[in-house]
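Notes for the one structure printed next.
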Amino acid sequence: MSKSTTQAVALFGYNNTRIYDVQKIKELVHNRLNAVLILIKHGITDEDFAVTPFCIDANPEDKDLAQVIREYIKKENLNLISCLPFSDKGVVGAAFAAKALGLFHDNSETAEAMLD
């Protein structure tokens with residue numbers, strides 16, 4: 001018998017200064033979507049793991065995160081339902097990853113304008 005997957009929302013670009021906002025987003029994701037939160041940021045800390053056990057240590061502005069995310073969600077038995085940017089850099093990674101993963105997304109071609 002195969003284990004059922006858990007819905008997940010990926011949060012891109014948390015910058016270590018608003019952990020309480022990440023906690024609130026985690027609660028909203030759970031209460032409204034019955035999903036878990038995946039935190040995608042550079043330099044995962046123990047504080048990050050205290051908010052969610054699902055963390056990917058990567059640059060949130062990386063345009064090529066889709067394969068890393070695919071492998072991670074497969075390993076963790078998750079079904080990604082949304083990519084949510086949290087910072088300017090997160091807009092880039094979230095747009096490209098969501099597009100590559102077949103999810104609703106911002107225009108990936110103009111996402112880099114958030115960094116300029």
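Chain labels follow the order of the structure tokens: the first chain is A, the next B, and so on; residue numbering restarts at 1 in every chain, and ligands are counted from 1 in their shown order.
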
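Residues of chain A that DSSP, applied to the backbone, places in strand (DSSP E): Thr6, Gln7, Ala8, Val9, Ala10, Leu11, Phe12, Val36, Leu37, Ile38, Leu39, Ile40, Lys41, Cys55, Ile56, Asp57, Leu78, Asn79, Leu80, Ile81, Ser82, Cys83, Leu84 and Pro85 of chain A.
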
Selected residues, C-alpha atoms, written as a PDB file, in the first residue's frame, please.
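The result, written out as again-v7.pdb:
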```pdb
ATOM      1  CA  THR A   6       0.594  15.651   1.590  1.00  0.00           C
ATOM      2  CA  GLN A   7      -0.254  18.969  -0.047  1.00  0.00           C
ATOM      3  CA  ALA A   8       2.521  21.581   0.194  1.00  0.00           C
ATOM      4  CA  VAL A   9       3.134  25.266  -0.479  1.00  0.00           C
ATOM      5  CA  ALA A  10       6.683  26.456  -1.156  1.00  0.00           C
ATOM      6  CA  LEU A  11       7.687  29.797   0.352  1.00  0.00           C
ATOM      7  CA  PHE A  12      10.560  31.439  -1.555  1.00  0.00           C
ATOM      8  CA  VAL A  36       2.480  21.978   4.888  1.00  0.00           C
ATOM      9  CA  LEU A  37       4.994  24.732   4.253  1.00  0.00           C
ATOM     10  CA  ILE A  38       8.287  24.192   2.421  1.00  0.00           C
ATOM     11  CA  LEU A  39      10.785  26.940   3.162  1.00  0.00           C
ATOM     12  CA  ILE A  40      13.207  27.724   0.317  1.00  0.00           C
ATOM     13  CA  LYS A  41      16.051  30.010   1.306  1.00  0.00           C
ATOM     14  CA  CYS A  55      13.368  23.182   4.167  1.00  0.00           C
ATOM     15  CA  ILE A  56      15.394  23.455   0.973  1.00  0.00           C
ATOM     16  CA  ASP A  57      18.710  25.285   1.227  1.00  0.00           C
ATOM     17  CA  LEU A  78       4.598  15.906  -0.972  1.00  0.00           C
ATOM     18  CA  ASN A  79       2.363  17.344  -3.682  1.00  0.00           C
ATOM     19  CA  LEU A  80       3.306  20.956  -4.420  1.00  0.00           C
ATOM     20  CA  ILE A  81       0.200  23.066  -4.996  1.00  0.00           C
ATOM     21  CA  SER A  82       1.635  26.586  -4.902  1.00  0.00           C
ATOM     22  CA  CYS A  83       4.813  28.674  -5.030  1.00  0.00           C
ATOM     23  CA  LEU A  84       4.623  31.776  -2.852  1.00  0.00           C
ATOM     24  CA  PRO A  85       7.287  34.511  -3.101  1.00  0.00           C
TER      25      PRO A  85
END
```

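Backbone DSSP of range 43-88 of chain A yields alpha helix (DSSP H) at Asp46, Glu47, Asp48, Phe49, Ala50, Val51, Ala66, Gln67, Val68, Ile69, Arg70, Glu71, Tyr72, Ile73, Lys74, Lys75, Glu76 and Asp88 of chain A.
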
**Message:** Please list as an NGL selection string every residue within 9 Å of Ala97 in chain A, counting only C-alpha atoms and excluding residues in the same chain fewer than 4 positions away.
**Reply:** :A and (62-67 or 69 or 83 or 92-93 or 101-103 or 105 or 108)

Put those residues in a file: all heavy atoms, as a JSON list (two decimals), in the first residue's frame.
```json
[["chain", "number", "residue", "atom", "x", "y", "z"],
["A", 62, "ASP", "N", 17.15, 31.59, -7.83],
["A", 62, "ASP", "CA", 17.66, 30.62, -8.81],
["A", 62, "ASP", "C", 16.53, 30.23, -9.77],
["A", 62, "ASP", "O", 15.48, 29.76, -9.35],
["A", 62, "ASP", "CB", 18.20, 29.39, -8.08],
["A", 62, "ASP", "CG", 18.87, 28.40, -9.00],
["A", 62, "ASP", "OD1", 18.70, 28.48, -10.24],
["A", 62, "ASP", "OD2", 19.57, 27.52, -8.47],
["A", 63, "LYS", "N", 16.76, 30.43, -11.06],
["A", 63, "LYS", "CA", 15.76, 30.12, -12.08],
["A", 63, "LYS", "C", 15.62, 28.61, -12.31],
["A", 63, "LYS", "O", 14.67, 28.18, -12.96],
["A", 63, "LYS", "CB", 16.14, 30.77, -13.40],
["A", 63, "LYS", "CG", 16.16, 32.26, -13.37],
["A", 63, "LYS", "CD", 16.63, 32.78, -14.72],
["A", 63, "LYS", "CE", 16.89, 34.24, -14.69],
["A", 63, "LYS", "NZ", 17.41, 34.72, -15.98],
["A", 64, "ASP", "N", 16.55, 27.83, -11.81],
["A", 64, "ASP", "CA", 16.57, 26.39, -12.08],
["A", 64, "ASP", "C", 16.26, 25.54, -10.85],
["A", 64, "ASP", "O", 16.81, 24.46, -10.69],
["A", 64, "ASP", "CB", 17.94, 26.00, -12.64],
["A", 64, "ASP", "CG", 18.24, 26.71, -13.95],
["A", 64, "ASP", "OD1", 17.33, 26.77, -14.81],
["A", 64, "ASP", "OD2", 19.37, 27.22, -14.11],
["A", 65, "LEU", "N", 15.37, 26.00, -10.01],
["A", 65, "LEU", "CA", 15.03, 25.26, -8.79],
["A", 65, "LEU", "C", 14.04, 24.12, -9.02],
["A", 65, "LEU", "O", 13.88, 23.27, -8.15],
["A", 65, "LEU", "CB", 14.44, 26.21, -7.74],
["A", 65, "LEU", "CG", 15.43, 27.10, -7.03],
["A", 65, "LEU", "CD1", 14.69, 28.10, -6.15],
["A", 65, "LEU", "CD2", 16.38, 26.27, -6.19],
["A", 66, "ALA", "N", 13.40, 24.09, -10.14],
["A", 66, "ALA", "CA", 12.31, 23.11, -10.36],
["A", 66, "ALA", "C", 12.77, 21.67, -10.13],
["A", 66, "ALA", "O", 12.07, 20.90, -9.47],
["A", 66, "ALA", "CB", 11.71, 23.27, -11.75],
["A", 67, "GLN", "N", 13.94, 21.29, -10.65],
["A", 67, "GLN", "CA", 14.38, 19.91, -10.50],
["A", 67, "GLN", "C", 14.71, 19.59, -9.04],
["A", 67, "GLN", "O", 14.39, 18.51, -8.54],
["A", 67, "GLN", "CB", 15.59, 19.61, -11.39],
["A", 67, "GLN", "CG", 15.98, 18.14, -11.40],
["A", 67, "GLN", "CD", 14.84, 17.22, -11.83],
["A", 67, "GLN", "OE1", 14.03, 17.54, -12.70],
["A", 67, "GLN", "NE2", 14.76, 16.06, -11.20],
["A", 69, "ILE", "N", 13.31, 20.96, -6.48],
["A", 69, "ILE", "CA", 12.01, 20.85, -5.81],
["A", 69, "ILE", "C", 11.35, 19.52, -6.15],
["A", 69, "ILE", "O", 10.80, 18.85, -5.26],
["A", 69, "ILE", "CB", 11.12, 22.05, -6.18],
["A", 69, "ILE", "CG1", 11.72, 23.34, -5.63],
["A", 69, "ILE", "CG2", 9.70, 21.84, -5.67],
["A", 69, "ILE", "CD1", 11.09, 24.61, -6.16],
["A", 83, "CYS", "N", 3.52, 28.05, -5.29],
["A", 83, "CYS", "CA", 4.81, 28.67, -5.03],
["A", 83, "CYS", "C", 4.54, 30.11, -4.62],
["A", 83, "CYS", "O", 3.98, 30.88, -5.40],
["A", 83, "CYS", "CB", 5.69, 28.64, -6.27],
["A", 83, "CYS", "SG", 6.20, 27.00, -6.77],
["A", 92, "VAL", "N", 11.50, 35.76, -8.30],
["A", 92, "VAL", "CA", 12.17, 35.14, -9.44],
["A", 92, "VAL", "C", 12.08, 33.62, -9.35],
["A", 92, "VAL", "O", 11.59, 32.94, -10.26],
["A", 92, "VAL", "CB", 13.64, 35.60, -9.55],
["A", 92, "VAL", "CG1", 14.34, 34.89, -10.70],
["A", 92, "VAL", "CG2", 13.71, 37.11, -9.71],
["A", 93, "GLY", "N", 12.57, 33.05, -8.26],
["A", 93, "GLY", "CA", 12.55, 31.59, -8.11],
["A", 93, "GLY", "C", 11.15, 31.02, -8.15],
["A", 93, "GLY", "O", 10.90, 29.99, -8.79],
["A", 101, "LEU", "N", 6.86, 23.67, -13.06],
["A", 101, "LEU", "CA", 6.12, 22.61, -12.38],
["A", 101, "LEU", "C", 4.64, 22.60, -12.75],
["A", 101, "LEU", "O", 3.86, 21.85, -12.18],
["A", 101, "LEU", "CB", 6.30, 22.74, -10.86],
["A", 101, "LEU", "CG", 7.75, 22.56, -10.39],
["A", 101, "LEU", "CD1", 7.91, 23.00, -8.94],
["A", 101, "LEU", "CD2", 8.20, 21.13, -10.58],
["A", 102, "GLY", "N", 4.26, 23.46, -13.69],
["A", 102, "GLY", "CA", 2.88, 23.46, -14.18],
["A", 102, "GLY", "C", 1.88, 24.10, -13.23],
["A", 102, "GLY", "O", 0.69, 23.79, -13.29],
["A", 103, "LEU", "N", 2.34, 25.01, -12.39],
["A", 103, "LEU", "CA", 1.46, 25.70, -11.44],
["A", 103, "LEU", "C", 1.19, 27.12, -11.91],
["A", 103, "LEU", "O", 1.92, 27.67, -12.73],
["A", 103, "LEU", "CB", 2.12, 25.74, -10.05],
["A", 103, "LEU", "CG", 2.44, 24.39, -9.42],
["A", 103, "LEU", "CD1", 3.26, 24.58, -8.16],
["A", 103, "LEU", "CD2", 1.16, 23.63, -9.11],
["A", 105, "HIS", "N", 1.49, 30.92, -12.10],
["A", 105, "HIS", "CA", 2.75, 31.62, -11.85],
["A", 105, "HIS", "C", 2.72, 33.05, -12.37],
["A", 105, "HIS", "O", 1.93, 33.40, -13.24],
["A", 105, "HIS", "CB", 3.91, 30.88, -12.52],
["A", 105, "HIS", "CG", 3.74, 30.71, -14.00],
["A", 105, "HIS", "ND1", 2.95, 29.74, -14.54],
["A", 105, "HIS", "CD2", 4.26, 31.41, -15.03],
["A", 105, "HIS", "CE1", 2.99, 29.83, -15.85],
["A", 105, "HIS", "NE2", 3.77, 30.85, -16.17],
["A", 108, "SER", "N", 7.41, 34.77, -15.64],
["A", 108, "SER", "CA", 8.82, 34.49, -15.34],
["A", 108, "SER", "C", 9.77, 35.37, -16.17],
["A", 108, "SER", "O", 10.87, 35.68, -15.72],
["A", 108, "SER", "CB", 9.13, 33.01, -15.54],
["A", 108, "SER", "OG", 8.84, 32.61, -16.86]]
```

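Counting from CA of Gly43 in chain A, the distance to CA of Asn59 in chain A is 8.7 Å.
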
**Request:** Go through A:Ala50, A:Thr17, A:Thr5, A:His30 one by one, measure the shortest atom-to-atom distance of each to Lys74 in chain A using only C-alpha atoms, and give the residue with the smallest value.
**Result:** A:Thr5

**Asked** Which of these, A:Asp88, A:Glu76, A:Glu27, A:Asp46, has the shortest distance to Tyr14 in chain A once you count only C-alpha atoms?
**Response** A:Asp88

**Prompt:** What does the distance from CA of Asn16 in chain A to CA of Tyr72 in chain A come to in Å, to one decimal?
**Reply:** 21.9 Å

**Fill in**
As a check of understanding: the span from CA of Ala100 in chain A to CA of Arg18 in chain A is 28.0 Å

**Request:** Tell me which of A:Tyr20, A:Val29, A:Asn34, A:Ala95 sits closest to Pro60 in chain A, counting only C-alpha atoms.
**Result:**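 Residue with the minimum atom-to-atom distance to Pro60 in chain A: A:Ala95.
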
**Request:** Would you please work out which residue, of A:Thr52, A:Phe86, A:Gly13, A:His42, is nearest to Lys26 in chain A when using only C-alpha atoms?
**Result:** A:Thr52
